[in-house]
>>> print(open('run.txt').read())   # compact mmCIF, C-alpha atoms
# COMPACT_ATOMS: atom_id res chain seq x y z
CA MET A 768 37.26 -41.56 -79.53
CA CYS A 769 36.77 -39.60 -82.75
CA ILE A 770 39.76 -41.22 -84.47
CA VAL A 771 38.66 -44.70 -83.37
CA LEU A 772 35.11 -44.16 -84.67
CA ILE A 773 36.38 -42.77 -87.97
CA LEU A 774 38.73 -45.72 -88.43
CA GLN A 775 35.95 -48.14 -87.49
CA ASN A 776 33.59 -46.62 -90.05
CA VAL A 777 36.31 -46.55 -92.72
CA ILE A 778 37.08 -50.22 -92.17
CA THR A 779 33.39 -51.18 -92.00
CA LEU A 780 32.74 -49.46 -95.31
CA SER A 781 35.89 -51.02 -96.75
CA VAL A 782 34.02 -54.33 -96.53
CA ASN A 783 31.46 -52.93 -99.00
CA LEU A 784 34.26 -51.47 -101.12
CA ALA A 785 35.96 -54.88 -101.26
CA ASP A 786 32.66 -56.47 -102.34
CA ASN A 787 32.16 -53.83 -105.02
CA ILE A 788 35.69 -54.03 -106.43
CA MET A 789 35.68 -57.84 -106.53
CA LEU A 790 32.22 -58.02 -108.06
CA GLY A 791 32.98 -55.10 -110.38
CA ALA A 792 35.93 -57.09 -111.71
CA TYR A 793 33.67 -60.17 -112.00
CA SER A 794 30.80 -58.66 -114.00
CA GLU A 795 28.84 -55.42 -114.28
CA ALA A 796 25.53 -57.28 -113.86
CA ALA A 797 26.74 -58.81 -110.58
CA LEU A 798 27.86 -55.39 -109.32
CA SER A 799 24.53 -53.80 -110.23
CA GLY A 800 22.49 -56.65 -108.70
CA VAL A 801 24.29 -56.39 -105.37
CA ALA A 802 24.03 -52.58 -105.48
CA ALA A 803 20.25 -52.87 -105.84
CA VAL A 804 19.98 -55.24 -102.85
CA ASN A 805 22.22 -52.98 -100.80
CA GLN A 806 19.70 -50.15 -101.15
CA ILE A 807 17.34 -52.15 -98.93
CA GLN A 808 20.24 -53.02 -96.63
CA PHE A 809 21.09 -49.33 -96.39
CA ILE A 810 17.58 -48.41 -95.19
CA TYR A 811 17.86 -51.17 -92.58
CA GLN A 812 21.26 -49.89 -91.45
CA GLN A 813 19.94 -46.34 -91.15
CA ILE A 814 17.02 -47.34 -88.93
CA LEU A 815 19.30 -49.48 -86.76
CA SER A 816 21.67 -46.52 -86.57
CA ALA A 817 18.81 -44.33 -85.30
CA LEU A 818 17.89 -46.91 -82.67
CA GLY A 819 21.53 -47.03 -81.60
CA GLU A 820 21.88 -43.23 -81.51
CA GLY A 821 18.87 -43.12 -79.20
CA ILE A 822 20.85 -45.28 -76.78
CA VAL A 823 23.91 -43.03 -77.09
CA ILE A 824 22.01 -39.76 -76.60
CA LEU A 825 19.71 -40.78 -73.74
CA GLY A 826 22.09 -43.33 -72.23
CA GLY A 827 24.98 -40.88 -72.56
CA GLN A 828 23.16 -38.37 -70.38
CA TYR A 829 22.63 -41.04 -67.72
CA PHE A 830 26.30 -41.97 -68.04
CA GLY A 831 27.14 -38.32 -67.32
CA ARG A 832 25.18 -38.81 -64.07
CA ARG A 833 26.89 -42.19 -63.44
CA GLU A 834 23.57 -44.07 -63.46
CA ILE A 835 24.07 -47.49 -65.09
CA ARG A 836 20.75 -49.27 -64.61
CA PRO A 837 18.73 -46.84 -66.80
CA MET A 838 21.31 -47.31 -69.57
CA LYS A 839 20.64 -51.06 -69.59
CA GLU A 840 16.88 -50.59 -69.64
CA ILE A 841 17.17 -48.16 -72.55
CA ALA A 842 19.34 -50.68 -74.42
CA SER A 843 16.73 -53.39 -73.80
CA THR A 844 13.99 -51.28 -75.40
CA ALA A 845 16.21 -50.59 -78.41
CA MET A 846 17.02 -54.29 -78.81
CA HIS A 847 13.33 -55.22 -78.91
CA PHE A 848 12.63 -52.70 -81.68
CA ALA A 849 15.70 -53.84 -83.63
CA LEU A 850 14.64 -57.49 -83.51
CA ALA A 851 11.11 -56.62 -84.64
CA LEU A 852 12.57 -54.70 -87.59
CA CYS A 853 14.82 -57.64 -88.42
CA VAL A 854 11.85 -60.04 -88.60
CA ILE A 855 9.90 -57.70 -90.90
CA LEU A 856 12.81 -57.22 -93.32
CA PHE A 857 13.70 -60.92 -93.37
CA ALA A 858 10.11 -61.82 -94.22
CA ALA A 859 9.88 -59.20 -96.99
CA MET A 860 13.17 -60.21 -98.62
CA SER A 861 12.27 -63.91 -98.35
CA LEU A 862 8.79 -63.61 -99.87
CA PHE A 863 9.13 -60.78 -102.42
CA PRO A 864 12.80 -60.35 -103.46
CA GLY A 865 12.16 -60.01 -107.20
CA GLN A 866 9.28 -57.57 -106.78
CA ILE A 867 11.33 -55.37 -104.42
CA LEU A 868 14.36 -55.32 -106.72
CA HIS A 869 12.16 -54.44 -109.69
CA ALA A 870 11.68 -51.01 -108.08
CA PHE A 871 15.36 -50.27 -108.74
CA THR A 872 15.79 -51.60 -112.26
CA ASP A 873 13.90 -53.22 -115.13
CA ASP A 874 16.95 -55.21 -116.27
CA ALA A 875 16.21 -58.94 -115.86
CA ALA A 876 19.90 -59.91 -115.57
CA ILE A 877 20.47 -57.44 -112.73
CA ILE A 878 17.33 -58.61 -110.88
CA GLU A 879 18.40 -62.25 -111.26
CA GLN A 880 21.81 -61.49 -109.73
CA GLY A 881 20.16 -59.54 -106.93
CA VAL A 882 17.77 -62.38 -106.07
CA ARG A 883 20.68 -64.82 -105.87
CA TYR A 884 22.51 -62.45 -103.52
CA THR A 885 19.39 -61.94 -101.38
CA SER A 886 18.92 -65.69 -100.83
CA VAL A 887 21.98 -65.63 -98.55
CA ILE A 888 22.37 -62.03 -97.41
CA ARG A 889 18.96 -62.01 -95.64
CA PHE A 890 20.44 -64.29 -92.96
CA THR A 891 22.89 -61.53 -91.98
CA TYR A 892 20.10 -59.24 -90.77
CA LEU A 893 19.79 -60.83 -87.30
CA PHE A 894 23.52 -60.86 -86.57
CA PHE A 895 23.92 -57.30 -87.79
CA ALA A 896 21.03 -56.01 -85.62
CA LEU A 897 22.35 -57.65 -82.46
CA THR A 898 25.87 -56.35 -83.08
CA GLN A 899 24.79 -52.77 -83.81
CA ILE A 900 22.62 -52.45 -80.70
CA LEU A 901 25.31 -53.96 -78.46
CA LEU A 902 27.95 -51.64 -79.90
CA ALA A 903 25.71 -48.59 -79.41
CA THR A 904 25.13 -49.66 -75.80
CA LEU A 905 28.88 -49.83 -75.21
CA ARG A 906 29.39 -46.50 -77.00
CA SER A 907 26.91 -44.81 -74.63
CA ALA A 908 29.45 -45.58 -71.88
CA GLY A 909 32.42 -44.39 -73.95
CA THR A 910 33.62 -47.85 -75.04
CA VAL A 911 34.48 -47.72 -78.75
CA ARG A 912 37.71 -49.64 -79.44
CA ILE A 913 36.03 -53.02 -79.71
CA ALA A 914 34.07 -51.74 -82.74
CA LEU A 915 37.36 -51.04 -84.53
CA TYR A 916 38.66 -54.54 -83.85
CA LEU A 917 35.40 -56.09 -85.01
CA SER A 918 35.52 -54.12 -88.26
CA LEU A 919 39.10 -55.26 -88.91
CA THR A 920 38.05 -58.86 -88.35
CA ALA A 921 35.04 -58.52 -90.65
CA LEU A 922 37.16 -56.95 -93.40
CA ALA A 923 39.79 -59.70 -93.27
CA ILE A 924 37.25 -62.52 -93.27
CA ASN A 925 35.10 -60.96 -95.97
CA CYS A 926 38.02 -60.34 -98.33
CA CYS A 927 39.39 -63.88 -97.91
CA VAL A 928 36.04 -65.59 -98.43
CA ASN A 929 35.14 -63.29 -101.33
CA TYR A 930 38.40 -63.99 -103.12
CA THR A 931 37.88 -67.71 -102.65
CA LEU A 932 34.19 -68.03 -103.54
CA ILE A 933 33.46 -65.26 -106.05
CA TYR A 934 36.11 -66.45 -108.50
CA GLY A 935 36.48 -70.09 -107.40
CA HIS A 936 40.07 -70.05 -106.13
CA PHE A 937 41.82 -72.80 -104.10
CA GLY A 938 39.58 -75.48 -105.56
CA ALA A 939 36.35 -73.82 -104.38
CA PRO A 940 33.39 -73.46 -106.77
CA GLU A 941 32.96 -70.17 -108.65
CA MET A 942 29.86 -68.70 -106.96
CA GLY A 943 29.82 -65.02 -108.03
CA VAL A 944 27.31 -62.96 -106.03
CA THR A 945 26.41 -65.94 -103.84
CA GLY A 946 30.05 -66.21 -102.80
CA ALA A 947 30.09 -62.51 -101.88
CA ALA A 948 26.96 -62.97 -99.76
CA ILE A 949 28.47 -65.97 -97.97
CA GLY A 950 31.57 -63.89 -97.17
CA THR A 951 29.41 -61.18 -95.62
CA LEU A 952 27.37 -63.73 -93.63
CA ILE A 953 30.47 -65.39 -92.17
CA SER A 954 31.98 -62.02 -91.23
CA ARG A 955 28.74 -60.91 -89.49
CA ILE A 956 28.61 -64.13 -87.45
CA ALA A 957 32.26 -63.70 -86.45
CA GLU A 958 31.62 -60.07 -85.43
CA LEU A 959 28.80 -61.01 -83.07
CA PHE A 960 30.69 -63.98 -81.60
CA ILE A 961 33.75 -61.87 -80.77
CA LEU A 962 31.61 -59.02 -79.39
CA VAL A 963 29.68 -61.33 -77.05
CA LEU A 964 32.96 -62.88 -75.90
CA TYR A 965 34.36 -59.41 -75.19
CA ILE A 966 31.28 -58.36 -73.20
CA ARG A 967 31.37 -61.53 -71.09
CA ARG A 968 35.10 -61.44 -70.33
CA LYS A 969 36.47 -57.89 -70.71
CA GLU A 970 33.75 -55.21 -70.42
CA THR A 971 33.61 -53.80 -66.87
CA VAL A 972 31.58 -50.57 -67.00
CA LEU A 973 28.07 -51.78 -67.85
CA LYS A 974 28.59 -55.50 -67.09
CA LEU A 975 25.92 -56.54 -69.57
CA HIS A 976 24.09 -59.85 -69.21
CA PRO A 977 21.43 -61.47 -71.44
CA ARG A 978 18.77 -60.86 -68.79
CA ASP A 979 19.38 -57.09 -69.13
CA PHE A 980 17.71 -57.29 -72.55
CA VAL A 981 14.56 -58.93 -71.23
CA ARG A 982 13.29 -56.37 -68.74
CA GLU A 983 12.16 -52.84 -69.58
CA ASN A 984 11.18 -49.68 -67.73
CA ALA A 985 7.91 -48.16 -68.98
CA GLY A 986 8.97 -44.59 -68.20
CA LEU A 987 12.34 -44.96 -69.88
CA ARG A 988 10.68 -46.64 -72.85
CA ARG A 989 8.54 -43.52 -73.31
CA ASP A 990 11.63 -41.31 -72.98
CA TYR A 991 13.52 -43.44 -75.48
CA LEU A 992 10.67 -43.34 -77.99
CA ARG A 993 10.33 -39.57 -77.62
CA VAL A 994 14.06 -39.14 -78.32
CA THR A 995 14.36 -41.80 -81.01
CA TRP A 996 11.25 -41.53 -83.18
CA PRO A 997 12.34 -38.29 -84.92
CA MET A 998 15.76 -39.86 -85.62
CA THR A 999 14.14 -43.06 -86.87
CA VAL A 1000 11.96 -41.05 -89.24
CA VAL A 1001 14.96 -39.06 -90.45
CA GLN A 1002 17.30 -42.03 -90.85
CA GLY A 1003 14.62 -44.24 -92.39
CA LEU A 1004 13.53 -41.55 -94.84
CA TRP A 1005 17.15 -40.74 -95.65
CA GLY A 1006 17.82 -44.41 -96.39
CA PHE A 1007 14.65 -44.49 -98.49
CA ASN A 1008 15.81 -41.28 -100.17
CA ILE A 1009 19.14 -42.89 -101.15
CA ALA A 1010 17.25 -45.93 -102.46
CA LEU A 1011 14.96 -43.65 -104.50
CA GLN A 1012 18.00 -41.82 -105.86
CA ASN A 1013 19.39 -45.11 -107.12
CA ALA A 1014 15.98 -46.09 -108.49
CA ILE A 1015 15.79 -42.81 -110.44
CA LEU A 1016 19.28 -43.33 -111.87
CA GLY A 1017 18.63 -47.03 -112.49
CA HIS A 1018 15.57 -46.28 -114.60
CA MET A 1019 17.42 -43.62 -116.63
CA THR A 1020 20.11 -45.87 -118.14
CA VAL A 1021 21.53 -49.32 -117.40
CA HIS A 1022 25.00 -47.75 -117.01
CA ALA A 1023 23.94 -45.34 -114.26
CA ILE A 1024 23.30 -47.92 -111.54
CA ALA A 1025 26.78 -49.48 -111.86
CA ALA A 1026 28.46 -46.05 -112.15
CA ASN A 1027 26.61 -44.80 -109.11
CA SER A 1028 27.53 -47.94 -107.15
CA ALA A 1029 31.23 -47.44 -107.88
CA SER A 1030 31.26 -43.73 -107.02
CA ALA A 1031 28.90 -44.06 -104.04
CA THR A 1032 31.03 -46.79 -102.47
CA MET A 1033 34.10 -44.55 -102.54
CA PHE A 1034 31.95 -41.71 -101.20
CA SER A 1035 30.76 -43.95 -98.38
CA LEU A 1036 34.38 -44.67 -97.51
CA VAL A 1037 35.26 -41.00 -96.99
CA LYS A 1038 31.83 -40.33 -95.46
CA ALA A 1039 33.08 -42.47 -92.58
CA MET A 1040 34.94 -39.36 -91.41
CA PRO A 1041 31.85 -37.17 -90.76
CA VAL A 1042 29.89 -40.23 -89.58
CA GLY A 1043 32.61 -40.96 -87.02
CA THR A 1044 32.61 -37.37 -85.83
CA CYS A 1045 28.79 -37.55 -85.51
CA GLY A 1046 29.08 -40.36 -82.99
CA THR A 1047 31.83 -38.61 -81.05
CA ALA A 1048 30.04 -35.26 -81.00
CA ALA A 1049 26.77 -36.88 -79.91
CA PHE A 1050 28.44 -38.75 -77.03
CA PHE A 1051 30.42 -35.80 -75.63
CA THR A 1052 27.55 -33.35 -76.09
CA ALA A 1053 25.06 -35.72 -74.40
CA LYS A 1054 27.52 -36.38 -71.55
CA ALA A 1055 28.13 -32.64 -71.05
CA VAL A 1056 24.39 -31.89 -71.03
CA GLY A 1057 23.84 -34.72 -68.55
CA GLU A 1058 26.50 -33.21 -66.27
CA GLY A 1059 24.66 -29.87 -66.42
CA ASP A 1060 27.54 -27.61 -67.55
CA MET A 1061 25.76 -25.61 -70.27
CA ALA A 1062 28.59 -23.06 -70.64
CA TYR A 1063 30.95 -25.91 -71.48
CA VAL A 1064 28.38 -27.33 -73.91
CA LYS A 1065 28.43 -24.07 -75.89
CA ARG A 1066 32.24 -23.91 -75.91
CA LEU A 1067 32.40 -27.54 -76.98
CA SER A 1068 30.00 -26.92 -79.89
CA LYS A 1069 32.19 -24.11 -81.28
CA THR A 1070 35.37 -26.18 -81.04
CA LEU A 1071 33.69 -29.14 -82.73
CA GLN A 1072 32.50 -27.00 -85.65
CA VAL A 1073 36.08 -25.96 -86.43
CA ILE A 1074 37.13 -29.62 -86.33
CA PHE A 1075 34.27 -30.54 -88.71
CA VAL A 1076 35.45 -28.03 -91.32
CA GLY A 1077 39.01 -29.40 -91.14
CA ILE A 1078 37.76 -32.95 -91.51
CA GLY A 1079 35.65 -31.91 -94.51
CA ILE A 1080 38.64 -30.45 -96.34
CA ALA A 1081 40.73 -33.56 -95.63
CA ALA A 1082 37.93 -35.94 -96.67
CA ALA A 1083 37.24 -34.10 -99.96
CA LEU A 1084 40.93 -34.09 -100.90
CA PHE A 1085 41.22 -37.77 -100.02
CA LEU A 1086 38.26 -38.69 -102.24
CA PHE A 1087 39.73 -36.65 -105.10
CA ALA A 1088 43.07 -38.45 -104.71
CA ILE A 1089 41.72 -42.02 -104.64
CA ARG A 1090 39.09 -41.71 -107.37
CA LEU A 1091 41.24 -42.73 -110.35
CA PRO A 1092 43.23 -45.58 -108.70
CA ILE A 1093 40.06 -47.21 -107.32
CA LEU A 1094 37.94 -46.78 -110.44
CA SER A 1095 40.72 -48.42 -112.46
CA LEU A 1096 40.10 -51.63 -110.50
CA TYR A 1097 36.58 -51.96 -111.88
CA LYS A 1098 35.75 -53.83 -115.07
CA LEU A 1099 33.24 -51.35 -116.50
CA GLU A 1100 32.22 -50.28 -119.97
CA SER A 1101 33.70 -46.96 -121.13
CA GLU A 1102 30.40 -45.06 -120.80
CA THR A 1103 29.90 -46.41 -117.29
CA MET A 1104 33.47 -45.48 -116.30
CA GLU A 1105 33.10 -41.90 -117.58
CA MET A 1106 29.84 -41.54 -115.68
CA ALA A 1107 31.39 -42.91 -112.47
CA HIS A 1108 34.26 -40.42 -112.76
CA ALA A 1109 31.85 -37.48 -113.21
CA PHE A 1110 29.72 -38.64 -110.26
CA THR A 1111 32.81 -38.87 -108.03
CA LEU A 1112 33.94 -35.33 -108.82
CA ILE A 1113 30.51 -34.06 -107.75
CA LEU A 1114 30.77 -36.05 -104.54
CA CYS A 1115 34.11 -34.38 -103.69
CA LEU A 1116 32.26 -31.08 -103.17
CA VAL A 1117 29.40 -32.84 -101.41
CA THR A 1118 31.89 -34.42 -99.00
CA LEU A 1119 33.20 -30.99 -97.99
CA THR A 1120 29.79 -29.59 -97.06
CA MET A 1121 28.39 -32.83 -95.62
CA SER A 1122 31.34 -33.03 -93.22
CA TYR A 1123 30.12 -29.83 -91.58
CA GLN A 1124 26.33 -30.11 -91.66
CA MET A 1125 25.98 -33.81 -90.80
CA PRO A 1126 27.95 -33.86 -87.51
CA THR A 1127 26.55 -30.44 -86.59
CA ASN A 1128 22.94 -31.58 -87.08
CA ASN A 1129 23.24 -35.24 -86.11
CA GLY A 1130 26.05 -34.89 -83.58
CA ILE A 1131 25.89 -31.61 -81.67
CA ILE A 1132 22.23 -30.61 -82.03
CA ARG A 1133 20.82 -34.12 -81.80
CA GLY A 1134 23.27 -35.15 -79.09
CA GLY A 1135 22.22 -32.09 -77.11
CA GLY A 1136 18.68 -33.42 -76.94
CA ASN A 1137 16.95 -31.69 -79.89
CA THR A 1138 16.14 -34.67 -82.08
CA SER A 1139 13.29 -33.05 -84.04
CA PHE A 1140 15.25 -30.27 -85.78
CA THR A 1141 17.00 -32.63 -88.20
CA MET A 1142 13.73 -34.40 -88.94
CA LYS A 1143 12.02 -31.13 -89.92
CA LEU A 1144 15.04 -30.01 -91.93
CA ASP A 1145 15.23 -33.27 -93.89
CA LEU A 1146 11.50 -33.43 -94.53
CA ILE A 1147 11.63 -29.96 -96.11
CA SER A 1148 14.93 -30.22 -97.96
CA ILE A 1149 14.82 -33.82 -99.21
CA TRP A 1150 11.14 -34.53 -99.68
CA GLY A 1151 10.03 -31.00 -100.47
CA ILE A 1152 12.88 -29.92 -102.75
CA VAL A 1153 15.53 -32.49 -103.72
CA LEU A 1154 13.49 -35.53 -104.74
CA PRO A 1155 10.74 -33.65 -106.65
CA LEU A 1156 13.40 -31.58 -108.46
CA SER A 1157 15.44 -34.69 -109.31
CA PHE A 1158 12.39 -36.57 -110.58
CA VAL A 1159 11.45 -33.68 -112.86
CA MET A 1160 15.02 -33.35 -114.14
CA ALA A 1161 15.28 -37.10 -114.82
CA PHE A 1162 11.91 -37.88 -116.39
CA VAL A 1163 10.43 -34.57 -117.57
CA VAL A 1164 13.43 -32.47 -118.59
CA LYS A 1165 15.36 -35.64 -119.56
CA ALA A 1166 18.58 -34.20 -118.14
CA SER A 1167 21.81 -36.19 -118.09
CA PRO A 1168 22.54 -38.57 -115.16
CA THR A 1169 25.33 -36.19 -114.10
CA ALA A 1170 22.90 -33.27 -113.78
CA VAL A 1171 20.49 -35.48 -111.83
CA VAL A 1172 23.28 -36.48 -109.41
CA TRP A 1173 23.87 -32.76 -108.75
CA CYS A 1174 20.19 -32.36 -107.90
CA LEU A 1175 20.10 -35.48 -105.74
CA ASN A 1176 22.94 -34.23 -103.54
CA ALA A 1177 22.01 -30.53 -103.39
CA ASP A 1178 20.64 -30.81 -99.84
CA GLN A 1179 24.08 -31.68 -98.49
CA ILE A 1180 25.21 -28.23 -99.60
CA PHE A 1181 22.37 -25.92 -98.57
CA LYS A 1182 21.69 -27.64 -95.20
CA CYS A 1183 24.92 -26.06 -93.94
CA VAL A 1184 23.11 -22.72 -93.49
CA PRO A 1185 20.32 -23.80 -91.10
CA ALA A 1186 22.81 -26.04 -89.25
CA PHE A 1187 25.12 -23.06 -88.60
CA ILE A 1188 22.26 -20.79 -87.49
CA MET A 1189 20.70 -23.34 -85.13
CA VAL A 1190 23.90 -24.51 -83.43
CA ASN A 1191 25.25 -20.99 -82.87
CA TYR A 1192 22.07 -19.01 -82.19
CA GLY A 1193 19.31 -21.52 -81.43
CA HIS A 1194 18.22 -23.37 -78.29
CA TRP A 1195 19.06 -27.05 -78.73
CA ALA A 1196 20.60 -28.25 -75.42
CA LYS A 1197 17.92 -30.12 -73.43
CA LYS A 1198 18.09 -32.37 -70.37
CA LEU A 1199 16.34 -35.68 -71.12
CA THR A 1200 17.07 -37.65 -67.93
CA ARG A 1201 14.66 -38.33 -65.10
CA ARG A 1202 15.27 -38.98 -61.40
CA GLN A 1203 15.75 -42.59 -60.36
CA GLY A 1204 12.41 -44.17 -59.58
CA ALA A 1205 10.47 -41.55 -61.55
>>> encode(input="run.txt", output="C-alpha cells")
Amino acid sequence: MCIVLILQNVITLSVNLADNIMLGAYSEAALSGVAAVNQIQFIYQQILSALGEGIVILGGQYFGRREIRPMKEIASTAMHFALALCVILFAAMSLFPGQILHAFTDDAAIIEQGVRYTSVIRFTYLFFALTQILLATLRSAGTVRIALYLSLTALAINCCVNYTLIYGHFGAPEMGVTGAAIGTLISRIAELFILVLYIRRKETVLKLHPRDFVRENAGLRRDYLRVTWPMTVVQGLWGFNIALQNAILGHMTVHAIAANSASATMFSLVKAMPVGTCGTAAFFTAKAVGEGDMAYVKRLSKTLQVIFVGIGIAAALFLFAIRLPILSLYKLESETMEMAHAFTLILCLVTLTMSYQMPTNNGIIRGGGNTSFTMKLDLISIWGIVLPLSFVMAFVVKASPTAVVWCLNADQIFKCVPAFIMVNYGHWAKKLTRRQGA
C-alpha cells in the first residue's frame, strides 16, 4: 500500500510539475500567475485532504471491526462538507479573482495571467472534490490501486493537452495559461469518470451507490466532526501558511515567486514520499486500533518510524540529484535561476526532517485517534514562531529571500522533537468507534 500511495502522489504532483515546466518554458509571467492561483488551490486541496483523512481514520477503525454501513455514512458526511467547500471557493474565484491574486503579488502582468488561468481552473473544483472524497472512502477499506491508475491517466491527458494548447501545436491556437487550465480540467473530468466506472463495475468491498451519499447518521456525523475538525484546522492553516509564505516572497522581489514555484514544485514531487507514508501509516494504525491490539500498535509505530527515516534519506538524495536537470528546463532569468537553486538546496534538508515528522504526526499519532496534537503543534510552531519570524526577517530586517526561505521552513526541522517524544512516550492510541445502533 505504501509504495502504491507514494507512486500515486508522485504521479499526481508530476501533473503540476509538467504544468510548471511547460509554462516556465513559455514565459516567467505565465509561470508566476499560475503559481499564485495554485496557492488558493493548495488550501482547497489541504482541506479536502483533511476531510478525506477523517474518513480513513474513523472509517478505518470500523473496517478493522468489519462494519461497512458506518463507513458509508461517514463518507456521506464528508461528501456534504466537501461540496459546500467547493461552492464557496467557486463563488470566491468567480467574483473576486483579481482581488484575491493581488494578495500574492503587485505585478499587473502576473495578476492578468492568473485571472486568465482562474477563468477555467475554477470549473475543476467540483470534479476534484468528488474524486478525492471517493478515493478516501475506498482507501478506508484498503483499496488504493485505482488512485495510481487515475493519476497516470491524468498525467498523460494533461501533458498531451498542455503541449497542444499552451504552445499551439498540431494546428491548435496558442492559448498559454488558458491552455494549461483546459488540460487540467479535462484530466479532472476523466479521473472522475473512470473512478465512477470502477466503483460501479469492479469495487466489491464497500459496494458504493449514489444513495449512500444522501443519508447520514447523526451520531456518526458528530464522531466524524470531532475527529476531523482539528485536522481541518491544521490542514487549512497549513495551506494558508504556504500561501502566506509565497505572498511574503512575492512581495519581496518579482523573481522570488517564480523561483519559489520552480523549487517548490520539485519539493512537492519528493514530498509525495512522506505524504504517501502518512496515508499508509494512518490506515494501518487506525485498523490496528480498531482491532484492539494495542501491543501491536506500539510495535507497528516503532517499525514505521525506522521506515520514515529511510524514506527521508532517499527523498533528500533524490531531490538533490534532480535539481539541476529539472531547473535547466525552465526559461528563467539568471537571478531567478540562482534563487531557485538556493531554495532547492534548503529544501533538501527540509525533506529529510519532514519525512520523519509528517508521517509520525499525521500518520501514526493522528491515525491512532489523537487528532488534536498536530493542531496544537502547528498552531504554536507555525503561527507562533515561523510566520512572525519570517515576516520580521522579510520586511523589518530586509533579509535575503534565501534567508527568509530558511525561516519559513524551520518548523519542518524542529517539529521532529515533539513528534518523537509523543509517539514513543505519549498516549495517542484512542478507540473512536461506537457500537452499532448507538
>>> atom_distance(input="run.txt", atom1="CA of Gln1002 (chain A)", atom2="CA of Phe809 (chain A)")
9.9 Å
>>> closest_residue(input="run.txt", among="A:Tyr793, A:Tyr991, A:Phe1050, A:Phe1087", to="Tyr934 (chain A)", atoms="all atoms listed in the file")
A:Tyr793
>>> closest_residue(input="run.txt", among="A:Cys1115, A:Leu1071, A:Leu975, A:Val963", to="Val1037 (chain A)", atoms="all atoms listed in the file")
A:Cys1115
>>> atom_distance(input="run.txt", atom1="CA of Asn1176 (chain A)", atom2="CA of Ile1074 (chain A)")
22.8 Å
>>> closest_residue(input="run.txt", among="A:His1194, A:Arg955, A:Arg1090, A:Arg832", to="Ala1029 (chain A)", atoms="only C-alpha atoms")
A:Arg1090
>>> residues_near_point(input="run.txt", point="(19.6, -60.2, -89.3)", cutoff="12 Å", atoms="all atoms listed in the file", output="PyMOL selection string")
chain A and resi 808+811-812+815+849-858+860+887-900+951-952+955-956+959
>>> atom_distance(input="run.txt", atom1="CA of Arg982 (chain A)", atom2="CA of Phe848 (chain A)")
13.5 Å
>>> residues_around(input="run.txt", residues="Leu1011 (chain A)", least_positions_apart="3", cutoff="12 Å", atoms="only C-alpha atoms", output="VMD selection string")
chain A and resid 803 806 to 807 809 to 810 868 870 to 872 1004 to 1008 1014 to 1018 1024 1149 to 1150 1153 to 1155 1157 to 1158 1175
>>> closest_residue(input="run.txt", among="A:Val944, A:Ile953, A:Gly827, A:Ser1095", to="Cys927 (chain A)", atoms="all atoms listed in the file")
A:Ile953
>>> residues_around(input="run.txt", residues="Thr844 (chain A)", least_positions_apart="6", cutoff="10 Å", atoms="all atoms listed in the file", output="mmCIF file with C-alpha atoms, keeping the file's coordinate frame")
data_model
loop_
_atom_site.group_PDB
_atom_site.id
_atom_site.type_symbol
_atom_site.label_atom_id
_atom_site.label_comp_id
_atom_site.auth_asym_id
_atom_site.auth_seq_id
_atom_site.Cartn_x
_atom_site.Cartn_y
_atom_site.Cartn_z
ATOM 1 C CA LEU A 818 17.890 -46.910 -82.670
ATOM 2 C CA ILE A 822 20.850 -45.280 -76.780
ATOM 3 C CA PHE A 980 17.710 -57.290 -72.550
ATOM 4 C CA VAL A 981 14.560 -58.930 -71.230
ATOM 5 C CA ARG A 982 13.290 -56.370 -68.740
ATOM 6 C CA GLU A 983 12.160 -52.840 -69.580
ATOM 7 C CA ASN A 984 11.180 -49.680 -67.730
ATOM 8 C CA ALA A 985 7.910 -48.160 -68.980
ATOM 9 C CA LEU A 987 12.340 -44.960 -69.880
ATOM 10 C CA ARG A 988 10.680 -46.640 -72.850
ATOM 11 C CA ARG A 989 8.540 -43.520 -73.310
ATOM 12 C CA TYR A 991 13.520 -43.440 -75.480
ATOM 13 C CA LEU A 992 10.670 -43.340 -77.990
#
>>> closest_residue(input="run.txt", among="A:Ala1196, A:Met1160, A:Ala923, A:Ala1109", to="Leu1067 (chain A)", atoms="all atoms listed in the file")
A:Ala1196
>>> residues_near_point(input="run.txt", point="(22.2, -44.7, -80.4)", cutoff="10 Å", atoms="only C-alpha atoms", output="PyMOL selection string")
chain A and resi 815-827+841-842+845+899-907+995+998+1046+1049-1050+1134
